[in-house]
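File shown: final_5.txt (compact mmCIF, C-alpha atoms).
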# COMPACT_ATOMS: atom_id res chain seq x y z
CA MET A 258 4.01 -27.81 35.12
CA ASN A 259 4.74 -28.93 31.56
CA GLY A 260 5.80 -27.29 28.29
CA ASN A 261 2.25 -27.23 26.94
CA GLU A 262 1.13 -25.06 29.84
CA HIS A 263 3.93 -22.58 29.18
CA ASP A 264 3.07 -22.51 25.47
CA ARG A 265 -0.58 -21.92 26.30
CA ALA A 266 0.33 -19.15 28.73
CA ILE A 267 2.62 -17.42 26.21
CA ASP A 268 -0.07 -17.69 23.54
CA LEU A 269 -2.69 -16.19 25.86
CA LEU A 270 -0.33 -13.41 26.94
CA MET A 271 0.27 -12.54 23.30
CA ARG A 272 -3.44 -12.44 22.55
CA HIS A 273 -5.06 -10.88 25.60
CA ASP A 274 -4.32 -7.25 24.69
CA VAL A 275 -5.68 -7.08 21.16
CA GLU A 276 -7.75 -10.17 20.39
CA GLY A 277 -8.94 -10.66 23.96
CA ILE A 278 -9.26 -13.98 25.76
CA ALA A 279 -12.17 -15.85 27.33
CA ASP A 280 -12.89 -15.42 31.05
CA GLY A 281 -11.93 -19.03 31.76
CA ASP A 282 -8.61 -18.58 29.99
CA ALA A 283 -8.00 -15.32 31.85
CA ARG A 284 -8.57 -17.04 35.22
CA TRP A 285 -6.30 -19.92 34.25
CA LEU A 286 -3.62 -17.48 33.07
CA GLU A 287 -3.78 -15.50 36.28
CA MET A 288 -3.27 -18.65 38.33
CA HIS A 289 -0.48 -19.81 36.06
CA LEU A 290 1.36 -16.48 36.31
CA GLN A 291 1.24 -16.67 40.09
CA GLU A 292 2.95 -20.04 40.00
CA CYS A 293 5.30 -19.61 37.03
CA GLU A 294 8.02 -16.99 37.29
CA GLU A 295 9.19 -17.60 33.73
CA CYS A 296 5.81 -16.71 32.20
CA ALA A 297 5.28 -13.85 34.67
CA SER A 298 8.62 -12.49 33.57
CA PHE A 299 7.56 -12.69 29.93
CA ASP A 300 4.33 -10.88 30.85
CA ARG A 301 6.36 -8.00 32.33
CA ALA A 302 8.68 -8.00 29.33
CA MET A 303 5.66 -7.75 27.01
CA SER A 304 4.28 -4.79 28.96
CA ASP A 305 7.69 -3.05 28.93
CA ALA A 306 8.13 -3.68 25.20
CA ALA A 307 4.64 -2.40 24.43
CA HIS A 308 5.26 0.71 26.50
CA ALA A 309 8.64 1.25 24.83
CA VAL A 310 7.34 0.85 21.30
CA ARG A 311 4.36 3.11 21.95
CA SER A 312 6.55 5.79 23.49
CA VAL A 313 8.46 6.30 20.25
CA THR A 314 6.52 8.85 18.26
CA VAL A 315 7.15 9.75 14.66
CA LEU A 316 5.16 12.67 13.32
CA ALA A 317 4.68 13.55 9.68
CA SER A 318 5.43 17.20 8.96
CA VAL A 319 2.94 19.48 7.24
CA ALA A 320 5.41 19.96 4.37
CA LEU A 321 5.61 16.20 3.81
CA VAL A 322 1.84 15.83 3.79
CA GLU A 323 1.40 18.75 1.40
CA SER A 324 4.08 17.55 -1.02
CA THR A 325 2.59 14.05 -0.92
CA ARG A 326 -0.83 15.43 -1.75
CA ALA A 327 0.63 17.45 -4.63
CA ARG A 328 2.44 14.37 -6.02
CA VAL A 329 -0.70 12.26 -5.69
CA HIS A 330 -2.80 14.89 -7.49
CA VAL A 331 -0.31 15.16 -10.36
CA ARG A 332 -0.17 11.37 -10.70
CA ALA A 333 -3.97 11.15 -10.57
CA GLN A 334 -4.16 13.68 -13.40
CA GLN A 335 -1.62 11.67 -15.42
CA LEU A 336 -3.61 8.50 -14.89
CA ARG A 337 -6.84 10.19 -15.96
CA GLU A 338 -5.16 11.50 -19.13
CA GLN A 339 -3.74 8.05 -19.83
CA GLN A 340 -7.19 6.55 -19.37
CA ALA A 341 -8.72 9.10 -21.76
CA ARG A 342 -6.02 8.36 -24.36
CA THR A 343 -6.57 4.62 -24.06
CA MET A 344 -10.31 5.16 -24.41
CA LEU A 345 -9.78 7.26 -27.55
CA ILE A 346 -7.56 4.63 -29.13
CA ALA A 347 -10.00 1.85 -28.21
CA VAL A 348 -12.98 3.75 -29.67
CA SER A 349 -11.04 4.55 -32.86
CA PHE A 350 -10.02 0.93 -33.23
CA CYS A 351 -13.58 -0.32 -32.73
CA LEU A 352 -14.98 2.21 -35.20
CA GLY A 353 -12.32 1.20 -37.72
CA VAL A 354 -13.13 -2.48 -37.38
CA VAL A 355 -16.89 -1.89 -37.65
CA THR A 356 -16.74 0.44 -40.69
CA SER A 357 -14.19 -1.77 -42.45
CA THR A 358 -16.37 -4.82 -41.94
CA LEU A 359 -19.52 -3.05 -43.04
CA THR A 360 -17.99 -1.52 -46.17
CA ALA A 361 -15.83 -4.46 -47.27
CA TRP A 362 -18.52 -5.91 -49.53
CA VAL A 363 -19.28 -2.48 -51.10
CA TRP A 364 -15.60 -1.89 -51.91
CA TRP A 365 -15.24 -5.39 -53.29
CA GLU A 366 -18.16 -4.88 -55.63
CA PHE A 367 -16.92 -1.39 -56.57
CA GLY A 368 -13.43 -2.80 -57.33
CA GLY A 369 -14.96 -5.47 -59.54
CA TRP A 370 -17.06 -2.89 -61.35
CA VAL A 371 -14.05 -0.60 -61.99
CA ALA A 372 -11.92 -3.53 -63.20
CA ASP A 373 -14.73 -4.60 -65.47
CA ARG A 374 -15.10 -1.08 -66.92
CA LEU A 375 -11.38 -0.66 -67.45
CA GLY A 376 -10.84 -4.19 -68.66
CA LEU A 377 -8.23 -5.01 -66.01
CA PRO A 378 -7.17 -8.62 -65.43
CA SER A 379 -8.73 -10.26 -62.37
CA GLY A 380 -5.26 -10.89 -60.82
CA ILE A 381 -4.89 -7.16 -60.20
CA VAL A 382 -8.37 -6.57 -58.84
CA GLU A 383 -8.06 -8.53 -55.59
CA PRO A 384 -4.78 -6.99 -54.37
CA GLY A 385 -5.95 -3.61 -55.66
CA VAL A 386 -9.16 -3.65 -53.63
CA LEU A 387 -7.29 -4.88 -50.59
CA LEU A 388 -4.77 -2.07 -50.95
CA PHE A 389 -7.53 0.51 -51.42
CA TRP A 390 -9.40 -0.91 -48.43
CA LEU A 391 -6.32 -0.65 -46.22
CA LEU A 392 -5.26 2.71 -47.67
CA PRO A 393 -6.47 4.92 -44.76
CA ALA A 394 -4.68 2.73 -42.20
CA ILE A 395 -1.52 2.69 -44.33
CA VAL A 396 -1.57 6.49 -44.76
CA ILE A 397 -2.01 7.02 -41.01
CA ALA A 398 0.74 4.53 -40.22
CA VAL A 399 3.14 6.23 -42.65
CA LEU A 400 2.29 9.65 -41.20
CA MET A 401 2.82 8.40 -37.64
CA VAL A 402 6.21 6.95 -38.54
CA THR A 403 7.48 9.89 -40.58
CA CYS A 404 5.92 12.92 -38.87
CA PRO A 405 7.07 14.29 -35.49
CA PRO A 406 5.10 12.83 -32.59
CA THR A 407 3.88 16.29 -31.57
CA LEU A 408 1.55 16.22 -34.58
CA PHE A 409 -0.40 13.47 -32.86
CA GLU A 410 0.34 13.99 -29.22
CA GLY A 411 0.30 17.76 -29.39
CA SER A 412 -2.34 20.24 -30.23
CA LEU A 413 -5.26 18.25 -31.59
CA MET A 414 -5.05 15.21 -29.33
CA GLN A 415 -4.29 17.19 -26.22
CA ARG A 416 -7.02 19.71 -26.90
CA TYR A 417 -9.45 16.83 -27.27
CA MET A 418 -8.33 15.22 -24.04
CA LYS A 419 -8.40 18.47 -22.10
CA ASP A 420 -11.97 19.04 -23.27
CA ARG A 421 -12.84 15.53 -22.22
CA LEU A 422 -11.22 15.89 -18.84
CA ARG A 423 -12.93 19.20 -18.25
CA GLY A 424 -16.21 17.43 -18.92
CA LEU A 425 -15.46 14.60 -16.46
CA MET B 231 -24.15 -3.81 23.76
CA VAL B 232 -24.60 -6.25 20.89
CA ALA B 233 -26.57 -3.59 19.02
CA ALA B 234 -23.78 -1.07 19.57
CA ALA B 235 -21.16 -3.53 18.32
CA PHE B 236 -23.32 -4.34 15.29
CA SER B 237 -23.86 -0.65 14.60
CA SER B 238 -20.11 -0.05 14.85
CA LEU B 239 -19.48 -2.94 12.46
CA ILE B 240 -21.99 -1.56 9.96
CA THR B 241 -20.44 1.92 10.23
CA MET B 242 -16.97 0.46 9.63
CA GLU B 243 -18.21 -1.54 6.65
CA THR B 244 -19.85 1.54 5.20
CA GLU B 245 -16.71 3.59 5.76
CA GLU B 246 -14.46 0.98 4.15
CA ALA B 247 -16.88 0.62 1.24
CA GLN B 248 -16.85 4.39 0.76
CA ILE B 249 -13.07 4.36 0.74
CA ALA B 250 -13.08 1.56 -1.83
CA THR B 251 -15.48 3.51 -4.06
CA GLY B 252 -13.37 6.65 -3.73
CA LEU B 253 -10.18 4.79 -4.57
CA ARG B 254 -11.76 3.18 -7.63
CA ARG B 255 -12.73 6.66 -8.86
CA ARG B 256 -9.32 8.06 -7.87
CA ASP B 257 -11.21 10.75 -6.03
CA PRO B 258 -8.68 13.41 -4.87
CA ASP B 259 -10.82 14.36 -1.87
CA VAL B 260 -10.88 10.77 -0.60
CA LEU B 261 -7.11 10.49 -1.04
CA ASP B 262 -6.53 13.80 0.74
CA ALA B 263 -8.65 12.64 3.65
CA LEU B 264 -6.83 9.30 3.83
CA ILE B 265 -3.41 10.96 3.77
CA GLU B 266 -4.55 13.23 6.58
CA GLN B 267 -5.94 10.36 8.62
CA PHE B 268 -3.05 7.92 8.27
CA GLN B 269 -0.08 10.29 7.95
CA HIS B 270 1.54 9.62 11.33
CA ARG B 271 0.81 5.91 11.50
CA LEU B 272 2.18 5.26 8.05
CA LEU B 273 5.32 7.33 8.53
CA ARG B 274 5.94 5.69 11.90
CA TYR B 275 5.66 2.22 10.39
CA LEU B 276 7.99 3.09 7.51
CA ALA B 277 10.46 4.77 9.84
CA HIS B 278 10.60 1.61 11.91
CA MET B 279 10.91 -0.54 8.81
CA THR B 280 13.79 1.41 7.30
CA GLY B 281 15.38 2.86 10.43
CA ASN B 282 15.83 6.16 8.59
CA ARG B 283 13.49 9.13 8.56
CA ALA B 284 14.50 10.56 5.18
CA THR B 285 14.03 7.19 3.48
CA ALA B 286 10.75 6.73 5.31
CA GLU B 287 9.51 10.07 3.96
CA ASP B 288 10.38 9.06 0.39
CA LEU B 289 8.61 5.73 0.85
CA PHE B 290 5.67 7.53 2.45
CA GLN B 291 5.11 9.40 -0.82
CA ASP B 292 5.69 6.26 -2.91
CA THR B 293 3.16 4.38 -0.80
CA TRP B 294 0.43 6.92 -1.49
CA ILE B 295 1.24 6.91 -5.20
CA ARG B 296 0.89 3.14 -5.14
CA VAL B 297 -2.38 3.42 -3.21
CA LEU B 298 -3.61 5.66 -6.02
CA GLU B 299 -2.47 3.27 -8.73
CA LYS B 300 -3.65 0.06 -7.04
CA GLY B 301 -6.73 1.58 -5.42
CA HIS B 302 -9.09 -0.41 -7.64
CA GLN B 303 -7.76 -3.60 -6.00
CA TYR B 304 -9.07 -2.61 -2.57
CA ASP B 305 -12.47 -4.26 -2.18
CA GLY B 306 -13.55 -2.57 1.05
CA LYS B 307 -14.09 -5.90 2.80
CA SER B 308 -10.97 -5.73 4.95
CA ARG B 309 -9.76 -2.83 7.10
CA PHE B 310 -8.23 -0.05 5.03
CA ALA B 311 -5.43 0.38 7.57
CA THR B 312 -4.33 -3.23 7.06
CA TRP B 313 -4.42 -2.86 3.28
CA LEU B 314 -2.44 0.39 3.50
CA MET B 315 0.21 -1.20 5.71
CA THR B 316 0.46 -4.11 3.27
CA ILE B 317 1.14 -1.65 0.45
CA ALA B 318 3.69 0.15 2.65
CA HIS B 319 5.32 -3.18 3.54
CA ASN B 320 5.68 -4.05 -0.15
CA VAL B 321 7.03 -0.59 -1.02
CA ALA B 322 9.59 -0.86 1.77
CA ILE B 323 10.58 -4.39 0.76
CA ASP B 324 11.02 -3.29 -2.88
CA HIS B 325 13.18 -0.41 -1.73
CA LEU B 326 15.29 -2.55 0.56
CA ARG B 327 15.66 -5.22 -2.09
CA LYS B 328 17.03 -2.62 -4.50
CA ARG B 329 19.43 -1.30 -1.90
CA ASN B 330 20.57 -4.63 -0.58
CA PRO B 331 19.49 -7.59 -2.66
CA ALA B 332 21.69 -9.97 -0.68
CA SER B 333 19.80 -9.91 2.60
CA LEU B 334 16.42 -8.65 3.61
CA ASP B 335 17.14 -9.57 7.19
CA GLU B 336 19.23 -6.44 7.37
CA MET B 337 16.24 -4.27 6.49
CA ARG B 338 18.06 -1.14 7.55
CA ASP B 339 19.69 1.71 5.66
CA ALA B 340 23.38 2.40 5.83
CA GLU B 341 22.75 6.02 6.76
CA ASP B 342 20.48 5.14 9.65
CA ALA B 343 22.23 7.39 12.10
CA ALA B 344 19.42 9.93 11.99
CA PRO B 345 17.12 9.25 14.93
CA PHE B 346 13.34 9.51 14.91
CA GLU B 347 11.84 12.70 16.26
CA PRO B 348 10.69 12.02 19.79
CA VAL B 349 7.78 14.03 21.03
CA ALA B 350 8.90 16.64 23.51
CA THR B 351 7.33 15.94 26.89
CA GLY B 352 7.93 16.87 30.51
CA PRO B 353 7.08 20.08 32.20
CA SER B 354 10.52 20.89 33.57
CA PRO B 355 13.91 20.96 31.81
CA PHE B 356 15.16 18.13 34.02
CA GLU B 357 12.14 15.94 33.31
CA HIS B 358 12.36 16.89 29.69
CA ALA B 359 16.01 15.81 29.56
CA ALA B 360 15.30 12.61 31.48
CA ALA B 361 12.39 11.74 29.22
CA ALA B 362 14.43 12.49 26.12
CA GLU B 363 17.24 10.30 27.41
CA GLU B 364 14.82 7.47 28.12
CA LYS B 365 13.27 7.79 24.67
CA ALA B 366 16.70 7.85 23.06
CA GLN B 367 17.57 4.70 25.00
CA ILE B 368 14.36 3.01 23.90
CA GLN B 369 14.91 4.14 20.34
CA GLY B 370 18.44 2.80 20.47
CA ALA B 371 17.16 -0.55 21.73
CA LEU B 372 14.59 -0.70 18.94
CA ASP B 373 17.20 0.24 16.35
CA GLU B 374 19.38 -2.61 17.55
CA LEU B 375 16.62 -5.11 16.84
CA PRO B 376 16.66 -6.89 13.49
CA PRO B 377 13.98 -5.22 11.33
CA ILE B 378 11.92 -8.40 11.00
CA PHE B 379 11.31 -8.36 14.77
CA ARG B 380 10.90 -4.58 14.92
CA GLU B 381 8.21 -4.69 12.25
CA VAL B 382 6.14 -7.24 14.16
CA LEU B 383 6.51 -5.31 17.43
CA VAL B 384 5.40 -2.08 15.76
CA LEU B 385 2.42 -3.67 14.04
CA ARG B 386 1.37 -5.33 17.27
CA PHE B 387 1.96 -2.64 19.88
CA GLN B 388 1.52 0.55 17.90
CA GLU B 389 -0.96 -0.51 15.24
CA GLN B 390 -2.78 -2.90 17.59
CA MET B 391 -3.10 -5.44 14.81
CA LYS B 392 -4.27 -8.98 15.40
CA LEU B 393 -1.65 -11.71 15.02
CA GLU B 394 -3.52 -13.10 12.01
CA GLU B 395 -3.57 -9.66 10.38
CA ILE B 396 0.18 -9.31 10.87
CA ALA B 397 0.73 -12.76 9.35
CA LYS B 398 -1.31 -11.79 6.31
CA LEU B 399 0.34 -8.39 5.97
CA VAL B 400 3.91 -9.63 6.27
CA GLY B 401 3.18 -12.81 4.34
CA ILE B 402 4.42 -15.27 6.96
CA PRO B 403 2.76 -18.10 8.93
CA LEU B 404 1.02 -17.28 12.22
CA ALA B 405 3.57 -19.37 14.14
CA THR B 406 6.38 -17.25 12.69
CA VAL B 407 4.61 -14.07 13.82
CA LYS B 408 4.43 -15.46 17.35
CA THR B 409 8.09 -16.46 17.25
CA ARG B 410 9.14 -13.02 16.02
CA LEU B 411 6.99 -11.32 18.63
CA TYR B 412 8.45 -13.49 21.39
CA ARG B 413 12.01 -13.02 20.24
CA GLY B 414 11.51 -9.29 19.73
CA VAL B 415 10.14 -8.86 23.24
CA MET B 416 12.95 -10.92 24.72
CA ALA B 417 15.57 -9.00 22.74
CA LEU B 418 14.29 -5.70 24.14
CA ARG B 419 14.19 -7.04 27.68
CA PRO B 420 17.77 -6.39 28.79
CA THR B 421 17.66 -2.76 27.61
CA LEU B 422 14.29 -2.11 29.20
CA GLY B 423 15.52 -3.24 32.58
CA GLY B 424 14.10 -6.75 32.77
CA GLY B 425 17.43 -8.55 33.03
CA ALA B 426 17.93 -12.17 32.13
CA LEU B 427 15.46 -14.87 32.93
Mind turning the file's structure into structure tokens?
Amino acid sequence: MNGNEHDRAIDLLMRHDVEGIADGDARWLEMHLQECEECASFDRAMSDAAHAVRSVTVLASVALVESTRARVHVRAQQLREQQARTMLIAVSFCLGVVTSTLTAWVWWEFGGWVADRLGLPSGIVEPGVLLFWLLPAIVIAVLMVTCPPTLFEGSLMQRYMKDRLRGL
Amino acid sequence: MVAAAFSSLITMETEEAQIATGLRRRDPDVLDALIEQFQHRLLRYLAHMTGNRATAEDLFQDTWIRVLEKGHQYDGKSRFATWLMTIAHNVAIDHLRKRNPASLDEMRDAEDAAPFEPVATGPSPFEHAAAAEEKAQIQGALDELPPIFREVLVLRFQEQMKLEEIAKLVGIPLATVKTRLYRGVMALRPTLGGGAL
């Protein structure tokens, strides 16, 4: 009997419970176990270990399950709110980009017309139009920096998100 | 027989696909059902991993939160139980790494004196006491094992996982799984009455 046979027997013993082994392998293993005390001993040790591990029972209490469910529900709600907020920001950003792009030419022409009417030098017109074009974003940015966060995260935003979530 | 096996396979695929869809939607009903279905298995695995019931209960909750957050990553092609145990394994490893960054081989809490709750069995007080003593002895033997062996034994004998599944879950080669299983079995042998070879 050589080392390869022992290795094969150990491998088959490890697999026969869960994966299952072929009939030929099972017959060979049976014969091998009759002849090899070392592998037969490992077979018994495997059975004892399996029995021992299975005999240890850990049960989750009702309180644990309920508190887990509650935590999961709260977190799910937080994630949904976060998703709604991200969606709102993404939509606002896209709308901003689209309207800015579409109206850029109109504002440029309007700036030129005003400068022409008022007789302003052309060096002022370009930065002026740019400033006017970016004015809404600048105003919002200044408000967000200077005003308390509740102005944005509070009433209006939250009411919007609650309505959205109710609709989901 | 083949038809029955095929039907069972289809049912399992449908079930796993339904779970995947529910997790992608973060459906609370699906999560409730999963918590109900896997509560004992998951807690048992974590208790064996950490060797401490209180820690296992904390990690149990963290695991389900992570299932919720990472649910979109489950594709429904593999068994949900395996995916869940992988999440639990990672949660436990993260926890143990925070507690003891030096060595993950000692995957055991310092306060691991609290034993698991054995199920009360035995019709008479004597049998009850004898069974409890035997379980305590077995539990003691398991607690003595290094966690890396204990984990493989639990996944194999309690979860009935294939060796390849264990290798994937734990993130080790198949040969290492076999070695850990062999060494775990042999380490339990003296306590379980097998004696030396």
Define the interface residues of chain A facing chain B as those within 9 Å, counting all atoms listed in the file, and report them as an MDAnalysis selection string. chainID A and resid 267:268 271:272 274:276 294:295 298:299 301:303 305:318 321:322 324:326 328:330 332:333 336:337
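Take atom CA of B:Val260 and atom CA of B:Gly301: the distance between them is 11.2 Å.
If you look at atom CA of A:Gly368 and atom CA of A:Leu388, they are 10.8 Å away from each other.
Distance check against A:Val363 using all atoms listed in the file: of A:Val386, A:Ala327, A:Ala283, A:Ile381, the minimum falls on A:Val386.
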Distance in Å - atom CA of B:Asp324 versus atom CA of B:Tyr304: 20.1 Å
Identify, on the basis of only C-alpha atoms, every residue whose closest approach to A:Phe389 does not exceed 12 Å; exclude the query and any residue fewer than 4 positions from it along the same chain; express the result as a PDB file with C-alpha atoms, keeping the file's coordinate frame.
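Done, and the output landed in selection.pdb:
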ATOM      1  CA  SER A 357     -14.190  -1.770 -42.450  1.00  0.00           C
ATOM      2  CA  THR A 360     -17.990  -1.520 -46.170  1.00  0.00           C
ATOM      3  CA  ALA A 361     -15.830  -4.460 -47.270  1.00  0.00           C
ATOM      4  CA  TRP A 364     -15.600  -1.890 -51.910  1.00  0.00           C
ATOM      5  CA  TRP A 365     -15.240  -5.390 -53.290  1.00  0.00           C
ATOM      6  CA  PHE A 367     -16.920  -1.390 -56.570  1.00  0.00           C
ATOM      7  CA  GLY A 368     -13.430  -2.800 -57.330  1.00  0.00           C
ATOM      8  CA  ILE A 381      -4.890  -7.160 -60.200  1.00  0.00           C
ATOM      9  CA  VAL A 382      -8.370  -6.570 -58.840  1.00  0.00           C
ATOM     10  CA  GLU A 383      -8.060  -8.530 -55.590  1.00  0.00           C
ATOM     11  CA  PRO A 384      -4.780  -6.990 -54.370  1.00  0.00           C
ATOM     12  CA  GLY A 385      -5.950  -3.610 -55.660  1.00  0.00           C
ATOM     13  CA  PRO A 393      -6.470   4.920 -44.760  1.00  0.00           C
ATOM     14  CA  ALA A 394      -4.680   2.730 -42.200  1.00  0.00           C
ATOM     15  CA  ILE A 395      -1.520   2.690 -44.330  1.00  0.00           C
ATOM     16  CA  VAL A 396      -1.570   6.490 -44.760  1.00  0.00           C
TER      17      VAL A 396
END
Around all of stretch 266-285 of chain B's listed atoms, make the axis-aligned box with 6 Å on each side and tell me centre and edge lengths in Å to one decimal, as JSON.
{"center_x": 4.9, "center_y": 6.3, "center_z": 7.7, "size_x": 33.8, "size_y": 25.8, "size_z": 20.4}
From the options A:Leu286, A:Val331, A:Gly277, A:Leu270, which residue's atoms come nearest to A:Ser304, counting all atoms listed in the file? A:Leu270
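Ranking A:Glu323, A:Val354, A:Ala372, A:Met288 by their shortest atom-to-atom distance to A:Glu262, with only C-alpha atoms included, puts A:Met288 first.
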Output stretch 270-284 of chain A as a CSV table (one decimal), in the frame of the given file, making sure N, CA and C atoms are there.
chain,number,residue,atom,x,y,z
A,270,LEU,N,-0.9,-14.7,26.6
A,270,LEU,CA,-0.3,-13.4,26.9
A,270,LEU,C,-0.2,-12.6,25.7
A,271,MET,N,0.1,-13.3,24.6
A,271,MET,CA,0.3,-12.5,23.3
A,271,MET,C,-1.1,-12.0,22.8
A,272,ARG,N,-2.1,-12.8,23.1
A,272,ARG,CA,-3.4,-12.4,22.6
A,272,ARG,C,-4.3,-11.5,23.4
A,273,HIS,N,-4.0,-11.5,24.7
A,273,HIS,CA,-5.1,-10.9,25.6
A,273,HIS,C,-5.2,-9.4,25.4
A,274,ASP,N,-4.2,-8.7,24.9
A,274,ASP,CA,-4.3,-7.2,24.7
A,274,ASP,C,-5.2,-6.9,23.5
A,275,VAL,N,-5.0,-7.5,22.4
A,275,VAL,CA,-5.7,-7.1,21.2
A,275,VAL,C,-6.9,-8.0,20.9
A,276,GLU,N,-6.7,-9.3,20.8
A,276,GLU,CA,-7.8,-10.2,20.4
A,276,GLU,C,-8.7,-10.4,21.6
A,277,GLY,N,-8.1,-10.4,22.8
A,277,GLY,CA,-8.9,-10.7,24.0
A,277,GLY,C,-9.0,-12.2,24.2
A,278,ILE,N,-9.2,-12.5,25.4
A,278,ILE,CA,-9.3,-14.0,25.8
A,278,ILE,C,-10.5,-14.2,26.6
A,279,ALA,N,-10.9,-15.5,26.6
A,279,ALA,CA,-12.2,-15.8,27.3
A,279,ALA,C,-11.9,-15.7,28.8
A,280,ASP,N,-13.0,-15.6,29.6
A,280,ASP,CA,-12.9,-15.4,31.0
A,280,ASP,C,-12.2,-16.6,31.7
A,281,GLY,N,-12.5,-17.8,31.2
A,281,GLY,CA,-11.9,-19.0,31.8
A,281,GLY,C,-10.4,-19.0,31.5
A,282,ASP,N,-10.0,-18.6,30.3
A,282,ASP,CA,-8.6,-18.6,30.0
A,282,ASP,C,-7.9,-17.5,30.8
A,283,ALA,N,-8.6,-16.4,31.1
A,283,ALA,CA,-8.0,-15.3,31.8
A,283,ALA,C,-7.8,-15.8,33.3
A,284,ARG,N,-8.7,-16.5,33.8
A,284,ARG,CA,-8.6,-17.0,35.2
A,284,ARG,C,-7.4,-18.0,35.3
